[in-house]
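S.K.: What follows is protein-v3.cif, mmCIF, C-alpha atoms.
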```
data_data
loop_
_atom_site.label_atom_id
_atom_site.label_comp_id
_atom_site.auth_asym_id
_atom_site.auth_seq_id
_atom_site.Cartn_x
_atom_site.Cartn_y
_atom_site.Cartn_z
CA MET A 274 0.00 0.00 0.00
CA ILE A 275 2.77 2.45 0.93
CA SER A 276 4.77 1.66 -2.20
CA SER A 277 1.65 2.13 -4.30
CA ILE A 278 1.23 5.64 -2.89
CA PHE A 279 4.80 6.95 -2.75
CA GLY A 280 6.05 4.69 -5.53
CA LYS A 281 4.49 7.15 -7.97
CA THR A 282 4.99 10.87 -8.54
CA LYS A 283 1.57 12.14 -7.60
CA PRO A 284 1.05 15.83 -6.71
CA ILE A 285 -0.90 14.73 -3.65
CA ASN A 286 2.28 13.16 -2.25
CA PHE A 287 4.04 16.51 -2.39
CA PHE A 288 1.19 18.29 -0.60
CA ILE A 289 0.91 15.59 2.09
CA LEU A 290 4.62 15.63 2.87
CA CYS A 291 4.83 19.43 2.85
CA GLY A 292 1.85 19.54 5.21
CA VAL A 293 3.52 17.11 7.61
CA LEU A 294 6.76 19.11 7.54
CA LEU A 295 4.98 22.40 8.22
CA VAL A 296 3.01 20.87 11.10
CA LEU A 297 6.31 19.64 12.53
CA TYR A 298 7.97 23.05 12.20
CA ILE A 299 5.05 25.12 13.52
CA GLY A 300 3.79 22.61 16.08
CA MET A 301 7.00 21.50 17.82
CA PRO A 302 7.36 24.68 19.93
CA VAL A 303 3.85 24.10 21.27
CA PHE A 304 4.65 20.55 22.38
CA GLU A 305 7.91 21.73 23.93
CA GLY A 306 6.16 24.57 25.76
CA ASN A 307 8.17 27.22 23.91
CA TYR A 308 5.31 29.64 23.36
CA HIS A 309 7.71 32.57 23.08
CA PHE A 310 8.63 31.14 19.68
CA TYR A 311 5.52 32.77 18.21
CA GLU A 312 6.01 36.19 19.77
CA HIS A 313 6.92 38.86 17.22
CA GLN A 314 8.11 36.17 14.76
CA THR A 315 5.16 35.80 12.43
CA GLY A 316 7.08 37.05 9.40
CA ALA A 317 10.08 34.80 10.12
CA ILE A 318 7.83 31.76 10.63
CA ILE A 319 6.02 32.35 7.34
CA LEU A 320 9.27 32.90 5.43
CA THR A 321 10.92 29.82 6.92
CA SER A 322 7.82 27.75 6.13
CA ILE A 323 8.01 28.87 2.51
CA VAL A 324 11.70 27.94 2.34
CA LEU A 325 10.98 24.48 3.79
CA VAL A 326 8.37 23.87 1.09
CA LEU A 327 10.70 25.21 -1.62
CA THR A 328 13.44 22.86 -0.43
CA ILE A 329 11.12 19.89 -0.91
CA LEU A 330 10.13 21.24 -4.33
CA VAL A 331 13.74 21.69 -5.47
CA LEU A 332 14.71 18.25 -4.14
CA ASP A 333 11.86 16.66 -6.07
CA PHE A 334 12.87 18.62 -9.18
CA ILE A 335 16.51 17.49 -8.93
CA VAL A 336 15.78 13.77 -8.72
CA LYS A 337 13.20 13.87 -11.50
CA ARG A 338 15.01 16.18 -13.92
CA ASN A 339 18.36 14.43 -13.58
CA LYS A 340 16.92 10.92 -13.20
CA ILE A 341 19.00 10.20 -10.11
CA THR A 342 16.24 7.90 -8.90
CA GLU A 343 13.33 6.15 -10.54
CA SER A 344 10.01 7.92 -11.00
CA ASN A 345 8.69 7.95 -7.43
CA SER A 346 8.29 10.14 -4.35
CA TYR A 347 10.64 8.23 -2.06
CA ALA A 348 13.28 10.98 -1.99
CA ILE A 349 10.97 13.66 -0.59
CA LEU A 350 9.37 11.06 1.70
CA PHE A 351 12.71 10.16 3.26
CA TYR A 352 13.69 13.81 3.55
CA VAL A 353 10.57 14.55 5.62
CA LEU A 354 11.10 11.40 7.68
CA PHE A 355 14.63 12.55 8.54
CA CYS A 356 13.19 15.88 9.67
CA ILE A 357 10.68 14.03 11.87
CA ALA A 358 13.41 11.84 13.37
CA PHE A 359 15.51 14.97 14.03
CA PRO A 360 12.92 17.71 14.68
CA GLU A 361 15.63 20.11 15.87
CA SER A 362 16.92 20.16 12.29
CA VAL A 363 14.15 22.55 11.25
CA ALA A 364 14.13 24.55 14.48
CA SER A 365 16.79 27.04 13.37
CA SER A 366 15.75 29.36 10.54
CA LYS A 367 19.32 30.14 9.56
CA PHE A 368 20.16 26.46 9.10
CA VAL A 369 16.98 26.03 7.06
CA PHE A 370 17.97 28.95 4.81
CA CYS A 371 21.57 27.78 4.58
CA ASN A 372 20.50 24.27 3.59
CA PHE A 373 18.12 25.65 0.95
CA PHE A 374 20.92 27.56 -0.80
CA LEU A 375 23.16 24.49 -0.62
CA VAL A 376 20.45 22.44 -2.30
CA LEU A 377 20.21 25.10 -5.02
CA ALA A 378 23.97 24.88 -5.50
CA THR A 379 23.81 21.09 -5.72
CA ARG A 380 21.06 21.37 -8.32
CA ARG A 381 23.40 23.33 -10.60
CA LEU A 382 26.32 20.95 -10.04
CA VAL A 383 24.25 17.84 -10.67
CA SER A 384 23.04 19.32 -13.97
CA LEU A 385 26.66 19.48 -15.20
CA LYS A 386 26.24 15.98 -16.60
CA SER A 387 24.61 17.50 -19.68
CA LEU A 388 27.94 19.30 -20.35
CA ASN A 389 26.00 22.42 -21.36
CA ASP A 390 26.81 25.90 -19.96
CA ILE A 391 29.35 24.38 -17.58
CA ARG A 392 31.01 27.63 -16.52
CA LEU A 393 27.66 29.32 -15.93
CA LYS A 394 26.51 26.45 -13.71
CA LEU A 395 29.77 26.46 -11.78
CA TYR A 396 29.44 30.19 -11.26
CA ASP A 397 25.83 29.91 -10.06
CA ALA A 398 26.68 27.05 -7.69
CA THR A 399 29.57 29.02 -6.20
CA ILE A 400 27.39 32.05 -5.57
CA TRP A 401 24.71 29.92 -3.86
CA ILE A 402 27.36 28.31 -1.63
CA VAL A 403 28.86 31.66 -0.64
CA ILE A 404 25.39 32.96 0.18
CA ALA A 405 24.75 29.83 2.27
CA SER A 406 27.99 30.50 4.16
CA LEU A 407 26.60 33.89 5.19
CA PHE A 408 24.12 31.95 7.36
CA VAL A 409 26.49 29.22 8.62
CA ASP A 410 30.22 29.79 8.13
CA TRP A 411 31.18 26.13 7.73
CA ALA A 412 28.91 25.86 4.69
CA ALA A 413 31.88 27.38 2.83
CA LEU A 414 33.31 23.84 2.79
CA TYR A 415 30.96 23.09 -0.09
CA ILE A 416 33.25 25.11 -2.38
CA VAL A 417 35.25 21.88 -2.46
CA LEU A 418 32.25 20.29 -4.19
CA VAL A 419 32.53 22.82 -7.02
CA PHE A 420 36.17 21.92 -7.64
CA LEU A 421 35.33 18.20 -7.47
CA SER A 422 32.66 18.80 -10.13
CA ILE A 423 35.26 20.39 -12.39
CA LEU A 424 37.57 17.43 -11.77
CA ILE A 425 34.84 15.00 -12.79
CA TYR A 426 33.54 16.75 -15.89
CA GLU A 427 36.02 19.15 -17.55
CA PRO A 428 39.33 19.29 -15.65
CA GLN A 429 41.36 19.93 -18.77
CA ILE A 430 39.91 23.42 -19.37
CA ALA A 431 41.86 25.93 -17.28
CA LYS A 432 39.10 28.57 -17.33
CA ASN A 433 36.80 26.26 -15.37
CA TRP A 434 39.15 26.33 -12.37
CA LEU A 435 38.94 30.11 -12.23
CA VAL A 436 35.13 30.23 -12.17
CA PRO A 437 34.71 29.45 -8.42
CA ILE A 438 37.20 32.20 -7.58
CA THR A 439 35.15 34.61 -9.70
CA GLY A 440 31.96 33.59 -7.93
CA ILE A 441 33.49 34.06 -4.50
CA ALA A 442 34.87 37.46 -5.53
CA THR A 443 31.46 38.56 -6.84
CA VAL A 444 29.63 37.96 -3.58
CA GLY A 445 32.65 39.16 -1.60
CA PHE A 446 32.84 42.52 -3.35
CA ILE A 447 29.10 43.10 -3.10
CA GLY A 448 29.04 42.09 0.57
CA PHE A 449 32.07 44.17 1.48
CA ALA A 450 30.64 47.21 -0.32
CA TYR A 451 27.37 46.83 1.59
CA LEU A 452 29.15 46.49 4.95
CA LYS A 453 31.45 49.40 4.11
CA TRP A 454 28.43 51.54 3.31
CA ASN A 455 26.95 50.64 6.71
CA GLN A 456 30.34 50.97 8.42
CA ASN A 457 30.16 47.43 9.74
CA GLU A 458 33.16 45.74 8.10
CA ALA A 459 33.99 43.87 11.32
CA LEU A 460 30.92 41.68 10.76
CA ILE A 461 32.89 39.61 8.24
CA ASN A 462 35.58 38.65 10.76
CA ASP A 463 32.98 38.10 13.47
CA HIS A 464 31.02 35.68 11.28
CA PHE A 465 33.72 33.70 9.47
CA GLN A 466 35.58 32.37 12.49
CA PHE A 467 35.40 28.67 11.58
CA SER A 468 35.72 27.69 15.21
CA ILE A 469 35.18 24.12 16.37
CA GLN A 470 33.38 23.31 19.59
CA GLU A 471 32.49 20.10 21.33
CA SER A 472 29.14 18.58 20.50
CA ASP A 473 26.25 19.11 22.86
CA PHE A 474 24.37 16.01 21.67
CA SER A 475 22.73 13.91 24.35
CA ILE A 476 23.37 10.17 24.57
CA GLN A 477 20.00 9.48 22.93
CA GLN A 478 20.77 11.89 20.10
CA TRP A 479 24.16 10.31 19.52
CA MET A 480 22.55 6.86 19.36
CA LEU A 481 19.91 8.06 16.92
CA PHE A 482 22.49 9.79 14.75
CA GLY A 483 24.74 6.73 14.84
CA ILE A 484 21.94 4.38 13.76
CA SER A 485 20.88 6.78 11.00
CA LEU A 486 24.46 7.12 9.79
CA LEU A 487 24.83 3.34 9.70
CA ILE A 488 21.70 3.06 7.55
CA ILE A 489 23.02 5.79 5.25
CA VAL A 490 26.44 4.11 4.90
CA VAL A 491 24.78 0.80 4.05
CA SER A 492 22.62 2.59 1.46
CA VAL A 493 25.71 4.17 -0.09
CA PHE A 494 27.46 0.79 -0.25
CA VAL A 495 24.43 -0.93 -1.79
CA THR A 496 23.94 1.86 -4.34
CA PHE A 497 27.55 1.86 -5.51
CA SER A 498 27.64 -1.94 -5.61
CA GLN A 499 25.04 -1.66 -8.38
CA ALA A 500 26.58 1.47 -9.96
CA SER A 501 28.34 -0.49 -12.70
CA LYS A 502 24.94 -1.44 -14.07
CA THR A 503 23.86 2.20 -14.49
CA VAL A 504 24.80 4.74 -17.11
CA VAL A 505 28.03 6.71 -16.71
CA GLY A 506 26.17 10.01 -16.23
CA LYS A 507 24.36 8.70 -13.17
CA ASN A 508 27.59 7.27 -11.73
CA ASN A 509 29.21 10.70 -11.88
CA THR A 510 26.15 12.23 -10.26
CA LEU A 511 26.24 9.68 -7.45
CA ARG A 512 29.91 10.49 -6.87
CA LEU A 513 29.01 14.15 -6.47
CA VAL A 514 26.19 13.28 -4.09
CA ALA A 515 28.54 11.07 -2.07
CA ALA A 516 31.02 13.95 -1.86
CA SER A 517 28.17 16.22 -0.75
CA LEU A 518 27.34 13.72 1.99
CA VAL A 519 30.91 13.71 3.31
CA ILE A 520 31.16 17.50 3.18
CA GLY A 521 27.77 17.77 4.90
CA LEU A 522 28.98 15.54 7.74
CA LEU A 523 32.11 17.67 8.12
CA ALA A 524 30.14 20.94 8.03
CA ALA A 525 27.69 19.58 10.60
CA GLY A 526 30.50 18.36 12.86
CA PHE A 527 32.59 21.52 12.62
CA SER A 528 29.75 24.01 13.00
CA LYS A 529 30.30 26.34 15.94
CA GLU A 530 26.60 25.89 16.68
CA ASN A 531 27.03 22.15 16.81
CA SER A 532 23.43 21.28 17.58
CA MET A 533 21.03 18.89 15.92
CA SER A 534 20.10 21.68 13.49
CA SER A 535 23.39 21.09 11.68
CA VAL A 536 22.46 17.53 10.65
CA LEU A 537 20.08 19.12 8.14
CA PHE A 538 23.06 19.33 5.77
CA VAL A 539 23.17 15.54 5.54
CA PHE A 540 19.53 14.93 4.66
CA PHE A 541 19.59 15.75 0.94
CA PRO A 542 22.41 13.39 -0.12
CA ALA A 543 21.22 10.77 2.38
CA THR A 544 17.76 10.65 0.81
CA ILE A 545 19.28 10.07 -2.64
CA PHE A 546 21.17 6.98 -1.53
CA LEU A 547 18.34 5.71 0.65
CA THR A 548 15.97 6.01 -2.31
CA ASN A 549 18.33 4.17 -4.65
CA ALA A 550 18.82 1.40 -2.10
CA THR A 551 15.06 1.07 -1.59
CA GLU A 552 14.50 0.83 -5.34
CA LEU A 553 16.84 -2.18 -5.46
CA ILE A 554 14.43 -4.17 -3.27
CA ARG A 555 12.56 -6.08 -5.94
CA LYS A 556 10.23 -8.17 -3.76
CA PRO A 557 7.05 -6.12 -3.17
CA LYS A 558 6.43 -7.48 0.34
CA ALA A 559 10.01 -6.86 1.44
CA LYS A 560 9.89 -3.30 0.09
CA GLU A 561 6.55 -2.71 1.81
CA ILE A 562 7.94 -3.89 5.15
CA ALA A 563 11.08 -1.77 4.76
CA LEU A 564 9.04 1.34 3.95
CA LEU A 565 6.66 0.66 6.83
CA ILE A 566 9.55 0.44 9.30
CA MET A 567 11.17 3.60 7.94
CA ILE A 568 7.90 5.51 8.26
CA ILE A 569 6.85 4.24 11.67
CA ALA A 570 10.25 4.59 13.38
CA PRO A 571 10.57 8.42 13.11
CA PHE A 572 7.01 8.94 14.36
CA VAL A 573 7.60 6.59 17.30
CA LEU A 574 10.76 8.53 18.17
CA LEU A 575 8.88 11.81 17.92
CA VAL A 576 6.04 10.61 20.17
CA TYR A 577 8.58 9.20 22.66
CA ARG A 578 10.34 12.55 22.76
CA LEU A 579 7.09 14.46 23.31
CA ILE A 580 5.97 12.11 26.08
#
```
Before we go any further, please render this structure as structure tokens.
M.R.:
Amino acid sequence: MISSIFGKTKPINFFILCGVLLVLYIGMPVFEGNYHFYEHQTGAIILTSIVLVLTILVLDFIVKRNKITESNSYAILFYVLFCIAFPESVASSKFVFCNFFLVLATRRLVSLKSLNDIRLKLYDATIWIVIASLFVDWAALYIVLVFLSILIYEPQIAKNWLVPITGIATVGFIGFAYLKWNQNEALINDHFQFSIQESDFSIQQWMLFGISLLIIVVSVFVTFSQASKTVVGKNNTLRLVAASLVIGLLAAGFSKENSMSSVLFVFFPATIFLTNATELIRKPKAKEIALLIMIIAPFVLLVYRLI
């Protein structure tokens, strides 16, 4: 039954999952007794809600347009389930915004497989990453992903290697000019400190993150074990997504605000591999059981937390 619903790309799936995510974001403060969350924050709540929905929309667009997965809604389903399992991931607006711009950057890098407008896509991706770093400094690590993309697709063209530098300079000049105009140049040094602090995860959070990471690693292994049977273009895309996963783990671990909000960086690449691994389950009953477990588990964890 579950596979018959989310195994297809129906618009209703998108609306259901977005509705669940918005209920999680808006409702969690109520369950936690944080009623001050709603005071004088109506505009921020609405804007963050829109960005959460747009993130789901862009994620769905990426997997469909680039055929990273089969034609289904598993990717956006798993993304929402990750958010339910880690409700703190959507609690911080700046992490939500940062993650959205990183997803936009990944969209441009994944589309490099067409080999059209490569320098323009590299430039766009760099700008999105620099903008994301304005929210969370360690998001700047994703610049590495741009250079890896060049290495995979067109490393022999020297101009490609200069594009990320141009993108960084573009945002840098505009940002510095704005801060200079407002006489607040020190904000740059105050923000980009790249400090590392010890994690404040609880034992339960560490266990949950460890189990989730184990599932993700198994999904990556299973996906790449079948990679030789897929087209070359998809293999290159999966390599980029795997690199994004590693960088996301590093950015989450290094973040000076090392809370559960930072694990949001991992969700996008994780859903890609989890979807591919799920698609490899050919027996309908086995797939149904696997999906049922993956859906029930996050809700059980959420209810346990609230109780």
S.K.: List, as a list in words, every residue that the PyMOL selection byres ((chain A and resi 363) around 9) selects in the file provided.
M.R.: Leu294, Leu297, Tyr298, Leu325, Cys356, Phe359, Pro360, Glu361, Ser362, Ala364, Ser365, Ser366, Phe368, Val369, Ser534 and Leu537 of chain A
S.K.: Name the residues within 6 Å of (20.9, 29.5, 6.6), counting all atoms listed in the file in the file's coordinates, and put them as a list of chain:residue names.
M.R.: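 The distance filter leaves exactly A:Lys367, A:Phe368, A:Val369, A:Phe370, A:Cys371, A:Ala405, A:Phe408, A:Val409.
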S.K.: I need the output of the PyMOL selection byres ((chain A and resi 563-573) around 9) for this file as a ChimeraX atom specification; which residues are they?
M.R.: /A:275-276,350-351,354-359,551,558-562,574-578
S.K.: Taking only C-alpha atoms into account, which of A:Ala516, A:Leu421, A:Val296, A:Ile441 comes nearest Ile318 in chain A?
M.R.: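 Under the stated criterion, the closest residue is A:Val296.
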S.K.: Evaluate the PyMOL selection byres ((chain A and resi 550) around 9) here and jot the selected residues down as a VMD selection string.
M.R.: chain A and resid 491 to 496 545 to 549 551 to 554
S.K.: Keeping C-alpha atoms for every residue in the selection just given, could you write it to a file as a PDB file, in the frame of the given file?
M.R.:
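Once written, selection29.pdb looks like this:
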```
ATOM      1  CA  VAL A 491      24.780   0.800   4.050  1.00  0.00           C
ATOM      2  CA  SER A 492      22.620   2.590   1.460  1.00  0.00           C
ATOM      3  CA  VAL A 493      25.710   4.170  -0.090  1.00  0.00           C
ATOM      4  CA  PHE A 494      27.460   0.790  -0.250  1.00  0.00           C
ATOM      5  CA  VAL A 495      24.430  -0.930  -1.790  1.00  0.00           C
ATOM      6  CA  THR A 496      23.940   1.860  -4.340  1.00  0.00           C
ATOM      7  CA  ILE A 545      19.280  10.070  -2.640  1.00  0.00           C
ATOM      8  CA  PHE A 546      21.170   6.980  -1.530  1.00  0.00           C
ATOM      9  CA  LEU A 547      18.340   5.710   0.650  1.00  0.00           C
ATOM     10  CA  THR A 548      15.970   6.010  -2.310  1.00  0.00           C
ATOM     11  CA  ASN A 549      18.330   4.170  -4.650  1.00  0.00           C
ATOM     12  CA  THR A 551      15.060   1.070  -1.590  1.00  0.00           C
ATOM     13  CA  GLU A 552      14.500   0.830  -5.340  1.00  0.00           C
ATOM     14  CA  LEU A 553      16.840  -2.180  -5.460  1.00  0.00           C
ATOM     15  CA  ILE A 554      14.430  -4.170  -3.270  1.00  0.00           C
TER      16      ILE A 554
END
```
S.K.: Which value, in Å to one decimal, gives the distance between CA of Val353 in chain A and CA of Leu332 in chain A?
M.R.: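 Answer for the CA of Val353 in chain A to CA of Leu332 in chain A separation: 11.2 Å.
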S.K.: Identify the residues around (28.0, 28.9, -3.9) within a radius of 9 Å, measuring from all atoms listed in the file in the coordinates stated by the file, and give them as a count of residues only.
M.R.: 23
S.K.: Nearest to Asn389 in chain A: which of A:Tyr426, A:Ser517, A:Phe334, A:Leu295 is it, counting only C-alpha atoms?
M.R.: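 Looking at the shortest contact to Asn389 in chain A, the residue is A:Tyr426.
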S.K.: To box range 557-575 of chain A, take all atoms listed in the file, fit an axis-aligned box, add 8 Å on each side, and give centre and edge lengths in Å to one decimal, as lines of an AutoDock Vina configuration file.
M.R.:
```
center_x = 8.8
center_y = 2.2
center_z = 7.5
size_x = 20.7
size_y = 35.3
size_z = 37.3
```
S.K.: Smallest atom-to-atom distance to Gly300 in chain A: which of A:Asn286, A:Phe497, A:Ser322, A:Lys394, using only C-alpha atoms?
M.R.: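 The shortest atom-to-atom distance to Gly300 in chain A comes from A:Ser322.
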